[in-house]
>>> print(open('run38.txt').read())   # compact mmCIF, C-alpha atoms
# COMPACT_ATOMS: atom_id res chain seq x y z
CA MET A 1 240.55 -71.81 -232.90
CA THR A 2 238.14 -74.73 -232.70
CA ALA A 3 234.64 -74.64 -234.19
CA ILE A 4 232.38 -77.60 -233.39
CA LEU A 5 228.74 -77.87 -234.41
CA THR A 6 226.61 -80.48 -232.63
CA ARG A 7 223.08 -81.22 -233.78
CA PHE A 8 220.53 -82.91 -231.52
CA GLY A 9 216.91 -84.02 -231.79
CA ILE A 10 214.01 -83.48 -229.42
CA GLN A 11 210.68 -85.28 -229.58
CA THR A 12 208.24 -82.81 -228.08
CA SER A 13 204.99 -83.89 -226.44
CA HIS A 14 202.64 -80.92 -226.43
CA ASP A 15 201.44 -78.00 -228.50
CA THR A 16 203.34 -75.55 -226.32
CA GLU A 17 205.99 -76.45 -223.77
CA LEU A 18 209.29 -75.41 -222.25
CA ILE A 19 211.94 -78.13 -222.32
CA ASP A 20 215.02 -77.75 -220.14
CA ILE A 21 218.12 -78.37 -222.28
CA THR A 22 220.68 -76.91 -219.86
CA GLU A 23 222.45 -80.16 -219.02
CA ARG A 24 222.51 -81.22 -222.65
CA ALA A 25 224.20 -77.94 -223.60
CA ARG A 26 226.68 -78.22 -220.72
CA GLU A 27 227.67 -81.75 -221.75
CA ILE A 28 228.21 -80.72 -225.36
CA VAL A 29 230.43 -77.82 -224.29
CA ARG A 30 232.42 -80.05 -221.93
CA GLY A 31 232.82 -82.63 -224.68
CA SER A 32 234.16 -80.04 -227.10
CA GLY A 33 237.37 -79.58 -225.11
CA VAL A 34 237.13 -75.81 -225.58
CA GLU A 35 238.42 -73.94 -222.50
CA LYS A 36 237.64 -70.37 -223.47
CA GLY A 37 235.21 -69.21 -226.10
CA LEU A 38 231.61 -68.75 -227.06
CA THR A 39 228.71 -71.08 -227.68
CA THR A 40 225.55 -70.47 -229.65
CA ILE A 41 222.47 -72.60 -229.02
CA MET A 42 220.01 -72.34 -231.87
CA THR A 43 216.76 -73.96 -232.99
CA LEU A 44 216.39 -74.98 -236.62
CA HIS A 45 212.67 -74.20 -236.78
CA THR A 46 210.47 -71.12 -237.04
CA THR A 47 207.76 -72.31 -234.66
CA THR A 48 210.10 -73.04 -231.77
CA ALA A 49 212.42 -70.82 -229.74
CA ILE A 50 215.41 -70.84 -227.42
CA THR A 51 215.24 -68.76 -224.29
CA ILE A 52 216.73 -68.49 -220.80
CA ASN A 53 214.76 -67.92 -217.65
CA GLU A 54 214.42 -69.13 -214.09
CA GLY A 55 213.59 -72.81 -213.99
CA LEU A 56 210.42 -72.76 -211.93
CA PRO A 57 207.19 -74.50 -212.96
CA ASP A 58 205.03 -71.51 -212.07
CA LEU A 59 207.16 -69.20 -214.19
CA GLU A 60 207.11 -71.69 -217.05
CA ALA A 61 203.32 -71.67 -216.93
CA ASP A 62 203.26 -67.86 -216.77
CA ILE A 63 205.58 -67.55 -219.77
CA LEU A 64 203.41 -69.86 -221.87
CA GLU A 65 200.19 -68.11 -220.87
CA PHE A 66 201.77 -64.74 -221.63
CA LEU A 67 202.74 -65.91 -225.11
CA GLN A 68 199.27 -67.32 -225.71
CA ALA A 69 197.71 -64.02 -224.66
CA LEU A 70 199.96 -62.01 -226.96
CA ALA A 71 199.28 -64.20 -230.00
CA PRO A 72 195.88 -65.82 -229.35
CA SER A 73 195.14 -69.17 -230.96
CA ASP A 74 191.81 -67.98 -232.33
CA GLY A 75 192.96 -64.63 -233.64
CA SER A 76 192.56 -63.54 -237.23
CA TYR A 77 195.77 -63.98 -239.22
CA ARG A 78 196.83 -63.63 -242.87
CA HIS A 79 198.91 -66.79 -242.51
CA ALA A 80 195.77 -68.96 -242.55
CA ARG A 81 195.65 -70.64 -245.93
CA PHE A 82 196.85 -73.61 -247.92
CA LEU A 83 200.62 -73.52 -248.33
CA HIS A 84 201.27 -75.04 -251.75
CA SER A 85 204.99 -75.58 -251.15
CA ASP A 86 204.21 -77.84 -248.18
CA GLY A 87 200.90 -79.37 -249.22
CA GLN A 88 199.46 -78.45 -245.84
CA MET A 89 197.20 -75.83 -244.32
CA ALA A 90 199.41 -73.06 -242.95
CA VAL A 91 197.30 -72.21 -239.96
CA ASN A 92 199.98 -71.75 -237.34
CA ALA A 93 200.50 -67.99 -237.36
CA PRO A 94 200.27 -67.81 -233.53
CA SER A 95 203.15 -70.30 -233.30
CA HIS A 96 205.32 -68.16 -235.60
CA LEU A 97 204.48 -64.97 -233.73
CA ARG A 98 205.27 -66.51 -230.35
CA SER A 99 208.57 -67.73 -231.74
CA ALA A 100 209.35 -64.25 -233.07
CA MET A 101 208.91 -62.80 -229.59
CA LEU A 102 211.32 -65.23 -227.93
CA GLY A 103 213.97 -65.58 -230.61
CA MET A 104 215.75 -68.52 -232.18
CA GLN A 105 219.08 -68.54 -230.33
CA VAL A 106 221.13 -67.61 -227.30
CA SER A 107 224.88 -67.06 -227.04
CA LEU A 108 226.82 -67.83 -223.87
CA PRO A 109 230.48 -67.59 -222.91
CA ILE A 110 232.67 -70.56 -222.08
CA GLU A 111 235.15 -70.28 -219.24
CA ASP A 112 237.43 -73.02 -217.92
CA GLY A 113 235.68 -75.51 -220.21
CA GLU A 114 232.26 -74.78 -218.74
CA LEU A 115 229.18 -72.90 -219.96
CA VAL A 116 228.79 -69.65 -218.01
CA LEU A 117 225.29 -69.38 -216.59
CA GLY A 118 223.82 -67.53 -213.63
CA GLN A 119 222.66 -69.63 -210.69
CA ARG A 120 219.00 -69.17 -211.61
CA GLN A 121 219.36 -69.47 -215.35
CA THR A 122 217.87 -72.40 -217.23
CA ILE A 123 218.17 -72.84 -220.99
CA TYR A 124 214.89 -73.80 -222.61
CA PHE A 125 213.99 -75.24 -225.96
CA VAL A 126 210.47 -73.86 -226.47
CA GLU A 127 207.97 -75.87 -228.49
CA LEU A 128 205.27 -73.63 -229.95
CA ASP A 129 203.54 -75.91 -232.47
CA GLY A 130 204.00 -79.43 -231.25
CA PRO A 131 204.15 -82.26 -230.85
CA LEU A 132 206.86 -82.67 -233.45
CA TYR A 133 210.33 -84.09 -233.82
CA ARG A 134 212.62 -81.06 -233.63
CA GLU A 135 216.29 -80.28 -234.08
CA ALA A 136 218.60 -77.78 -232.40
CA ILE A 137 222.31 -77.09 -232.61
CA VAL A 138 225.07 -76.14 -230.21
CA HIS A 139 227.92 -74.33 -231.94
CA VAL A 140 231.11 -74.02 -229.90
CA LEU A 141 233.84 -71.56 -230.90
CA GLY A 142 237.10 -71.11 -229.01
CA GLY A 143 240.31 -72.74 -227.97
CA MET B 1 186.65 -85.80 -221.62
CA THR B 2 185.48 -87.71 -224.68
CA ALA B 3 188.12 -89.89 -226.34
CA LEU B 4 188.01 -88.88 -229.98
CA ILE B 5 187.94 -91.11 -233.04
CA ASP B 6 189.49 -89.52 -236.12
CA ILE B 7 187.93 -91.05 -239.23
CA HIS B 8 190.28 -89.33 -241.67
CA THR B 9 194.08 -89.50 -241.44
CA HIS B 10 196.62 -90.18 -244.18
CA PRO B 11 199.73 -91.99 -242.86
CA VAL B 12 201.96 -90.33 -245.43
CA GLN B 13 204.36 -88.61 -243.07
CA ILE B 14 205.41 -91.63 -241.00
CA ALA B 15 209.14 -92.05 -241.44
CA GLU B 16 209.20 -95.79 -240.71
CA LEU B 17 207.33 -96.52 -243.97
CA TYR B 18 209.92 -94.97 -246.25
CA PRO B 19 213.09 -97.13 -246.05
CA ASP B 20 211.38 -100.22 -247.49
CA ASP B 21 209.37 -98.45 -250.19
CA GLY B 22 211.45 -96.67 -252.82
CA ASN B 23 208.31 -95.42 -254.57
CA LEU B 24 206.64 -93.79 -251.57
CA GLU B 25 208.52 -90.51 -251.64
CA ARG B 26 207.46 -89.82 -255.23
CA ALA B 27 203.89 -90.91 -254.50
CA VAL B 28 203.60 -88.61 -251.49
CA LYS B 29 205.37 -85.59 -253.00
CA ASP B 30 204.29 -85.66 -256.63
CA VAL B 31 200.90 -87.37 -256.50
CA PHE B 32 199.50 -86.67 -253.03
CA GLY B 33 201.34 -83.33 -252.90
CA LEU B 34 202.86 -83.30 -249.41
CA SER B 35 206.42 -82.00 -249.19
CA MET B 36 206.97 -82.06 -245.43
CA GLU B 37 209.78 -84.19 -244.03
CA PRO B 38 208.64 -87.54 -242.59
CA GLN B 39 208.38 -87.75 -238.81
CA PRO B 40 208.82 -90.75 -236.50
CA ILE B 41 205.68 -92.73 -235.73
CA GLU B 42 206.13 -91.59 -232.14
CA THR B 43 205.36 -88.04 -233.32
CA TYR B 44 202.13 -89.19 -234.95
CA PHE B 45 201.00 -90.77 -231.69
CA ALA B 46 201.97 -87.61 -229.76
CA GLN B 47 199.91 -85.53 -232.18
CA LEU B 48 196.91 -87.80 -231.63
CA ASP B 49 197.42 -87.50 -227.87
CA GLU B 50 197.60 -83.73 -228.00
CA ALA B 51 194.30 -83.59 -229.93
CA GLY B 52 192.65 -85.99 -227.45
CA ILE B 53 192.30 -88.67 -230.14
CA ASP B 54 192.13 -92.22 -228.89
CA LYS B 55 191.76 -94.00 -232.22
CA ALA B 56 192.53 -92.97 -235.78
CA VAL B 57 191.56 -94.40 -239.14
CA LEU B 58 194.43 -94.78 -241.62
CA LEU B 59 193.52 -94.13 -245.25
CA PRO B 60 195.70 -95.40 -248.12
CA ILE B 61 195.05 -94.53 -251.79
CA ASP B 62 195.74 -97.02 -254.57
CA CYS B 63 196.52 -94.93 -257.67
CA THR B 64 198.22 -97.71 -259.60
CA SER B 65 196.49 -97.28 -262.96
CA ALA B 66 196.28 -93.46 -262.82
CA HIS B 67 199.74 -92.61 -261.48
CA GLY B 68 201.68 -95.86 -261.14
CA CYS B 69 201.86 -95.81 -257.35
CA ARG B 70 200.12 -96.34 -254.03
CA VAL B 71 200.00 -93.45 -251.57
CA VAL B 72 200.60 -96.00 -248.81
CA SER B 73 199.62 -99.61 -249.49
CA ASN B 74 197.18 -101.89 -247.70
CA GLN B 75 200.15 -103.92 -246.49
CA GLN B 76 201.78 -100.82 -244.98
CA VAL B 77 198.51 -99.93 -243.25
CA ALA B 78 198.46 -103.46 -241.81
CA TRP B 79 202.03 -103.00 -240.57
CA LEU B 80 201.04 -99.77 -238.83
CA MET B 81 198.01 -101.45 -237.24
CA GLU B 82 200.38 -103.99 -235.70
CA ARG B 83 202.24 -101.13 -234.00
CA SER B 84 199.21 -99.98 -232.01
CA SER B 85 195.63 -100.97 -231.31
CA ARG B 86 194.77 -97.27 -231.61
CA LEU B 87 195.08 -97.50 -235.37
CA ILE B 88 192.20 -98.67 -237.56
CA GLY B 89 193.15 -99.51 -241.11
CA PHE B 90 191.05 -98.98 -244.19
CA ALA B 91 191.91 -100.58 -247.51
CA SER B 92 192.20 -98.93 -250.88
CA VAL B 93 191.81 -100.66 -254.23
CA ASP B 94 192.01 -99.34 -257.76
CA PRO B 95 188.55 -99.40 -259.42
CA ASN B 96 190.25 -99.25 -262.83
CA ASP B 97 191.64 -102.71 -262.08
CA SER B 98 189.11 -105.40 -263.00
CA ALA B 99 190.26 -107.41 -259.97
CA ALA B 100 189.57 -104.56 -257.52
CA ALA B 101 186.60 -106.18 -255.77
CA GLU B 102 188.48 -109.46 -255.39
CA THR B 103 191.56 -107.66 -254.06
CA LEU B 104 189.43 -105.82 -251.54
CA GLY B 105 187.96 -109.04 -250.18
CA ARG B 106 191.39 -110.64 -249.91
CA ASP B 107 193.04 -107.69 -248.14
CA VAL B 108 190.15 -107.08 -245.76
CA ARG B 109 190.26 -110.70 -244.66
CA GLU B 110 194.06 -111.02 -244.60
CA TYR B 111 194.89 -107.74 -242.86
CA GLY B 112 191.78 -107.13 -240.78
CA LEU B 113 191.03 -103.84 -242.52
CA LYS B 114 187.80 -102.20 -241.40
CA GLY B 115 186.69 -100.13 -244.38
CA LEU B 116 187.53 -98.91 -247.87
CA LYS B 117 188.86 -95.53 -248.99
CA LEU B 118 188.35 -94.34 -252.56
CA ASP B 119 189.51 -91.06 -254.05
CA PRO B 120 187.97 -90.61 -257.51
CA SER B 121 189.89 -87.38 -258.09
CA LEU B 122 193.28 -89.09 -257.68
CA GLN B 123 192.34 -92.58 -258.82
CA ARG B 124 190.63 -91.16 -261.94
CA PHE B 125 187.39 -93.08 -262.10
CA ASP B 126 183.73 -92.15 -262.41
CA LEU B 127 181.78 -92.66 -259.19
CA GLY B 128 178.76 -93.76 -261.24
CA ASP B 129 180.65 -96.24 -263.41
CA ARG B 130 178.62 -99.46 -263.26
CA ASP B 131 181.42 -101.60 -264.67
CA LYS B 132 184.31 -100.31 -262.58
CA ALA B 133 182.93 -98.75 -259.40
CA PHE B 134 179.73 -100.66 -258.70
CA PRO B 135 181.41 -104.07 -258.21
CA VAL B 136 183.60 -102.43 -255.55
CA TYR B 137 180.53 -100.95 -253.82
CA ALA B 138 178.90 -104.39 -253.93
CA ALA B 139 182.01 -105.92 -252.34
CA CYS B 140 181.80 -103.41 -249.48
CA VAL B 141 178.23 -104.46 -248.80
CA GLU B 142 179.18 -108.13 -248.93
CA LEU B 143 182.10 -107.59 -246.57
CA GLY B 144 180.05 -105.38 -244.26
CA ILE B 145 182.54 -102.53 -244.33
CA PRO B 146 181.95 -98.77 -244.72
CA LEU B 147 183.26 -96.84 -247.70
CA LEU B 148 184.87 -93.41 -247.29
CA VAL B 149 184.93 -91.41 -250.52
CA HIS B 150 186.95 -88.26 -251.07
CA CYS B 151 184.49 -85.59 -252.16
CA GLY B 152 185.04 -82.03 -253.36
CA LEU B 153 188.25 -80.04 -253.44
CA SER B 154 191.37 -82.13 -253.95
CA TRP B 155 194.55 -80.49 -252.71
CA ALA B 156 196.57 -83.19 -254.46
CA PRO B 157 198.31 -81.63 -257.49
CA ARG B 158 197.20 -84.55 -259.69
CA GLY B 159 193.64 -84.62 -258.33
CA LEU B 160 190.63 -83.76 -260.48
CA ALA B 161 187.85 -82.39 -258.29
CA GLY B 162 185.31 -82.75 -261.09
CA LEU B 163 185.38 -86.50 -260.53
CA ALA B 164 184.58 -86.04 -256.85
CA ASN B 165 181.21 -84.31 -256.94
CA PRO B 166 179.10 -86.14 -254.35
CA LEU B 167 176.15 -86.18 -256.76
CA GLY B 168 178.13 -88.74 -258.73
CA LEU B 169 177.26 -91.19 -255.96
CA GLU B 170 173.49 -90.77 -256.12
CA GLU B 171 172.75 -93.84 -258.24
CA ALA B 172 175.07 -95.97 -256.14
CA ILE B 173 173.35 -94.79 -252.97
CA GLN B 174 170.01 -95.84 -254.42
CA GLU B 175 171.30 -99.14 -255.72
CA PHE B 176 173.17 -100.11 -252.55
CA PRO B 177 171.00 -99.04 -249.60
CA ALA B 178 173.07 -101.26 -247.29
CA LEU B 179 176.30 -99.50 -248.24
CA ARG B 180 177.44 -97.24 -245.40
CA LEU B 181 178.99 -94.33 -247.23
CA ILE B 182 181.09 -91.51 -245.76
CA LEU B 183 181.34 -88.34 -247.86
CA ALA B 184 184.64 -86.78 -246.85
CA HIS B 185 185.25 -83.05 -246.37
CA PHE B 186 181.49 -82.42 -246.18
CA GLY B 187 181.84 -82.37 -249.97
CA TRP B 188 183.20 -78.80 -250.01
CA PRO B 189 182.56 -76.85 -252.20
CA TRP B 190 179.53 -79.06 -252.96
CA VAL B 191 178.29 -78.85 -249.38
CA GLY B 192 174.65 -78.49 -250.44
CA GLU B 193 174.84 -81.60 -252.59
CA ALA B 194 176.54 -83.66 -249.88
CA LEU B 195 174.09 -82.39 -247.27
CA MET B 196 171.13 -83.22 -249.50
CA LEU B 197 172.33 -86.80 -249.97
CA ALA B 198 172.89 -87.27 -246.25
CA LEU B 199 169.54 -85.78 -245.29
CA LYS B 200 167.74 -88.03 -247.75
CA HIS B 201 169.63 -91.28 -247.27
CA GLU B 202 170.19 -92.77 -243.84
CA ASN B 203 173.24 -94.74 -244.99
CA VAL B 204 175.18 -91.57 -245.87
CA TYR B 205 177.64 -90.00 -243.41
CA LEU B 206 179.69 -86.77 -243.54
CA ASP B 207 183.10 -86.02 -242.07
CA THR B 208 184.35 -82.73 -240.66
CA SER B 209 187.65 -82.44 -242.52
CA ILE B 210 186.62 -79.13 -244.11
CA LEU B 211 189.76 -77.26 -245.17
CA TYR B 212 189.86 -74.58 -247.80
CA SER B 213 191.06 -71.34 -246.22
CA GLY B 214 191.41 -69.69 -242.86
CA GLN B 215 191.88 -71.31 -239.49
CA PRO B 216 189.84 -74.50 -238.94
CA THR B 217 187.79 -72.49 -236.43
CA GLU B 218 186.76 -70.24 -239.32
CA SER B 219 186.19 -72.85 -242.03
CA LEU B 220 184.24 -75.24 -239.77
CA ARG B 221 182.10 -72.44 -238.38
CA HIS B 222 181.33 -71.12 -241.85
CA VAL B 223 180.27 -74.49 -243.25
CA LEU B 224 178.69 -76.15 -240.22
CA ALA B 225 177.08 -73.14 -238.56
CA ASP B 226 176.50 -70.60 -241.35
CA VAL B 227 175.86 -72.81 -244.39
CA VAL B 228 174.44 -76.05 -242.94
CA GLY B 229 173.17 -74.80 -239.59
CA LEU B 230 173.91 -76.37 -236.22
CA ASP B 231 170.19 -77.05 -235.80
CA VAL B 232 170.23 -79.14 -239.00
CA LEU B 233 173.14 -81.19 -237.66
CA ASP B 234 171.20 -81.87 -234.50
CA GLN B 235 167.89 -82.61 -236.19
CA GLY B 236 168.67 -84.68 -239.25
CA LEU B 237 172.27 -85.76 -238.93
CA ARG B 238 173.05 -86.31 -235.27
CA GLY B 239 174.04 -89.93 -235.86
CA ARG B 240 175.90 -89.37 -239.10
CA VAL B 241 178.50 -86.64 -238.73
CA LEU B 242 182.00 -87.94 -237.96
CA PHE B 243 185.07 -86.18 -236.67
CA GLY B 244 187.78 -86.25 -239.32
CA SER B 245 190.93 -84.14 -239.38
CA ASN B 246 192.56 -84.90 -242.75
CA TYR B 247 195.98 -85.23 -241.06
CA PRO B 248 198.59 -84.23 -242.19
CA ARG B 249 196.98 -81.58 -244.38
CA VAL B 250 196.25 -79.96 -241.04
CA ASP B 251 197.18 -80.80 -237.46
CA PRO B 252 194.36 -82.79 -235.79
CA LYS B 253 194.58 -80.65 -232.63
CA ARG B 254 193.35 -77.64 -234.61
CA VAL B 255 190.32 -79.42 -236.12
CA ALA B 256 189.36 -80.84 -232.72
CA HIS B 257 189.69 -77.38 -231.19
CA ALA B 258 187.58 -75.86 -233.98
CA LEU B 259 184.78 -78.35 -233.39
CA ARG B 260 184.84 -77.68 -229.65
CA GLN B 261 184.56 -73.96 -230.37
CA LEU B 262 181.26 -74.42 -232.21
CA GLY B 263 179.39 -74.69 -228.93
CA LEU B 264 177.49 -77.82 -229.94
CA GLU B 265 175.04 -79.38 -227.56
CA PRO B 266 177.22 -81.77 -225.48
CA LYS B 267 175.48 -84.97 -226.56
CA LEU B 268 175.78 -84.01 -230.20
CA GLU B 269 179.44 -83.11 -229.77
CA ARG B 270 180.09 -86.47 -228.16
CA ARG B 271 178.38 -88.25 -231.02
CA ILE B 272 180.47 -86.42 -233.61
CA PHE B 273 183.73 -86.90 -231.73
CA HIS B 274 183.22 -90.52 -230.80
CA ASP B 275 179.91 -92.34 -230.74
CA ASN B 276 178.96 -92.13 -234.41
CA ALA B 277 182.30 -93.52 -235.57
CA ALA B 278 182.34 -96.17 -232.84
CA THR B 279 178.97 -97.41 -234.01
CA LEU B 280 179.84 -97.23 -237.70
CA LEU B 281 183.08 -99.15 -237.18
CA ASN B 282 181.58 -101.60 -234.66
CA LEU B 283 184.35 -100.64 -232.24
CA GLU B 284 182.65 -100.83 -228.90
CA GLU B 285 179.47 -100.02 -227.12
CA THR B 286 178.80 -96.28 -227.27
CA GLN B 287 179.22 -94.79 -223.83
>>> encode(input="run38.txt", output="structure tokens")
Amino acid sequence: MTAILTRFGIQTSHDTELIDITERAREIVRGSGVEKGLTTIMTLHTTTAITINEGLPDLEADILEFLQALAPSDGSYRHARFLHSDGQMAVNAPSHLRSAMLGMQVSLPIEDGELVLGQRQTIYFVELDGPLYREAIVHVLGG
Amino acid sequence: MTALIDIHTHPVQIAELYPDDGNLERAVKDVFGLSMEPQPIETYFAQLDEAGIDKAVLLPIDCTSAHGCRVVSNQQVAWLMERSSRLIGFASVDPNDSAAAETLGRDVREYGLKGLKLDPSLQRFDLGDRDKAFPVYAACVELGIPLLVHCGLSWAPRGLAGLANPLGLEEAIQEFPALRLILAHFGWPWVGEALMLALKHENVYLDTSILYSGQPTESLRHVLADVVGLDVLDQGLRGRVLFGSNYPRVDPKRVAHALRQLGLEPKLERRIFHDNAATLLNLEETQ
């Protein structure tokens, strides 16, 4: 069995945004040479997320507004203090909560060397506390 | 929408500065106290964009005699200024160095730096020291540049807040009436002292980088609305409060948002976000 881990960077541009990484994931899977198996796409941060949904601008806007409504920017949070281990104000509780709702990874099957996705499915890297330089991984398992 | 000027950013997280400066990592982590991974300069510009900031002041800190390092040097600030006209560099010199005033003049002229940053808590000097500090204040007047002084709470692990009480500047303010002096962080927790100095002396400015606990919406509202009073800002200080974020201690977008949430009278908000700093720094005609 082959196990290949590919790491890639994303420079995000906004506080909150959905970034389509579908083609990037497809290319990594194709490049792995794995014909049958499983891939995991995962973010390495706790204020970002990976999710799959229909790739329409109106839906993207709805998803972001929904997240903002569930964890409002001006809410009252315990995670609103100086974080001594970082040397920064930890005032991004809404970003963490939004990430918790979406999750950090998705797993998808590989068949005939290709990622299996429904016709309307788009893989998103979700920035929830940007802009920042971020990293994600694609882990391919199979043969 | 008003294009913001951020009077208070520390370029300590910009990755491009690190490869050529083997001492910077220790200075930033152990002395300044920031442990976050450096980010590309492109990220810094994106963060300014997201906050609506058009121009940002870069503040170095020369701690050579106190801690054997510079938390970003004047030369590095100059290098960053060459990357973008959005960046306005301030100098820093070490008042414990007898050549500080001379160094300031040289670096301001050579690098085109627009002001001076001093942090008595980290640099370990007395703000009222006539032998060490006053020659530096005199040099600022001679060069026609403003001086931004860290006041109040120092989050730096090696910082001594007791050296940063704004009252320590009172004699200097009297002796140098032409010195344009910015008291950073509104002097918190000595807000009353900083406010008193600014109300009394027309050459004293205050910046909004007020961070101690809670979301910036909470800390700015408490200090500016509850303690100082928005009416006081409008009456006595409308030309002398400056938007400052204290990046990267906090993301500038959050401080900008917090100020917008105060519900300031639009002209006053515009002055704080842009016009006051533009005038102070001789950047352009206020719009």
>>> interface_residues(input="run38.txt", of="chain A", to="chain B", cutoff="9 Å", atoms="only C-alpha atoms", output="list in words")
Gln11, Thr12, Ser13, His14, Asp15, Asp74, Gly75, Ser76, Tyr77, Arg78, His79, Ala80, Arg81, Phe82, His84, Ser85, Asp86, Gly87, Gln88, Met89, Ala90, Val91, Asn92, Gly130, Pro131, Leu132 and Tyr133 of chain A
>>> atom_distance(input="run38.txt", atom1="CA of Leu179 in chain B", atom2="CA of Val149 in chain B")
12.0 Å
>>> closest_residue(input="run38.txt", among="A:Leu128, A:Leu59, A:Leu115, A:Leu70", to="Glu23 in chain A", atoms="all atoms listed in the file")
A:Leu115
>>> residues_around(input="run38.txt", residues="Ala78 in chain B", least_positions_apart="3", cutoff="12 Å", atoms="only C-alpha atoms", output="list in words")
Pro11, Leu17, Val57, Leu58, Leu59, Pro60, Val72, Ser73, Asn74, Gln75, Met81, Glu82, Arg83, Ser84, Ser85, Leu87, Ile88, Gly89, Phe90, Ala91, Ser92, Asp107, Val108, Arg109, Glu110, Tyr111, Gly112, Leu113 and Lys114 of chain B
>>> residues_near_point(input="run38.txt", point="(185.8, -93.0, -255.3)", cutoff="12 Å", atoms="only C-alpha atoms", output="PyMOL selection string")
chain B and resi 61-63+92-96+116-129+132-134+136-137+147-152+159-169+172+181-184
>>> residues_around(input="run38.txt", residues="Gly113 in chain A", least_positions_apart="4", cutoff="8 Å", atoms="all atoms listed in the file", output="VMD selection string")
chain A and resid 29 to 30 33 to 36
>>> residues_around(input="run38.txt", residues="Gly142 in chain A", least_positions_apart="6", cutoff="12 Å", atoms="all atoms listed in the file", output="JSON, numbers by chain")
{"A": [1, 2, 3, 4, 29, 32, 33, 34, 35, 36, 37, 38, 39, 40, 108, 109, 110, 111, 112, 113, 114]}
>>> closest_residue(input="run38.txt", among="A:Ala93, A:Val138, A:Ala69, A:Leu44", to="Gly31 in chain A", atoms="all atoms listed in the file")
A:Val138
>>> atom_distance(input="run38.txt", atom1="CA of His201 in chain B", atom2="CA of Pro177 in chain B")
8.2 Å
>>> atom_distance(input="run38.txt", atom1="CA of Asp129 in chain A", atom2="CA of Gly55 in chain A")
21.3 Å
>>> residues_around(input="run38.txt", residues="Ile123 in chain A", least_positions_apart="6", cutoff="9 Å", atoms="only C-alpha atoms", output="PyMOL selection string")
chain A and resi 19-23+25+50-55+106
>>> write_last_selection(input="run38.txt", atoms="C-alpha atoms", output="short mmCIF file (atom, residue, chain, number, x, y, z; two decimals), in the coordinates of the input")
data_model
loop_
_atom_site.label_atom_id
_atom_site.label_comp_id
_atom_site.auth_asym_id
_atom_site.auth_seq_id
_atom_site.Cartn_x
_atom_site.Cartn_y
_atom_site.Cartn_z
CA ILE A 19 211.94 -78.13 -222.32
CA ASP A 20 215.02 -77.75 -220.14
CA ILE A 21 218.12 -78.37 -222.28
CA THR A 22 220.68 -76.91 -219.86
CA GLU A 23 222.45 -80.16 -219.02
CA ALA A 25 224.20 -77.94 -223.60
CA ILE A 50 215.41 -70.84 -227.42
CA THR A 51 215.24 -68.76 -224.29
CA ILE A 52 216.73 -68.49 -220.80
CA ASN A 53 214.76 -67.92 -217.65
CA GLU A 54 214.42 -69.13 -214.09
CA GLY A 55 213.59 -72.81 -213.99
CA VAL A 106 221.13 -67.61 -227.30
#
>>> closest_residue(input="run38.txt", among="A:Leu5, A:Ala71, A:Leu18, A:Leu102", to="Leu56 in chain A", atoms="all atoms listed in the file")
A:Leu18
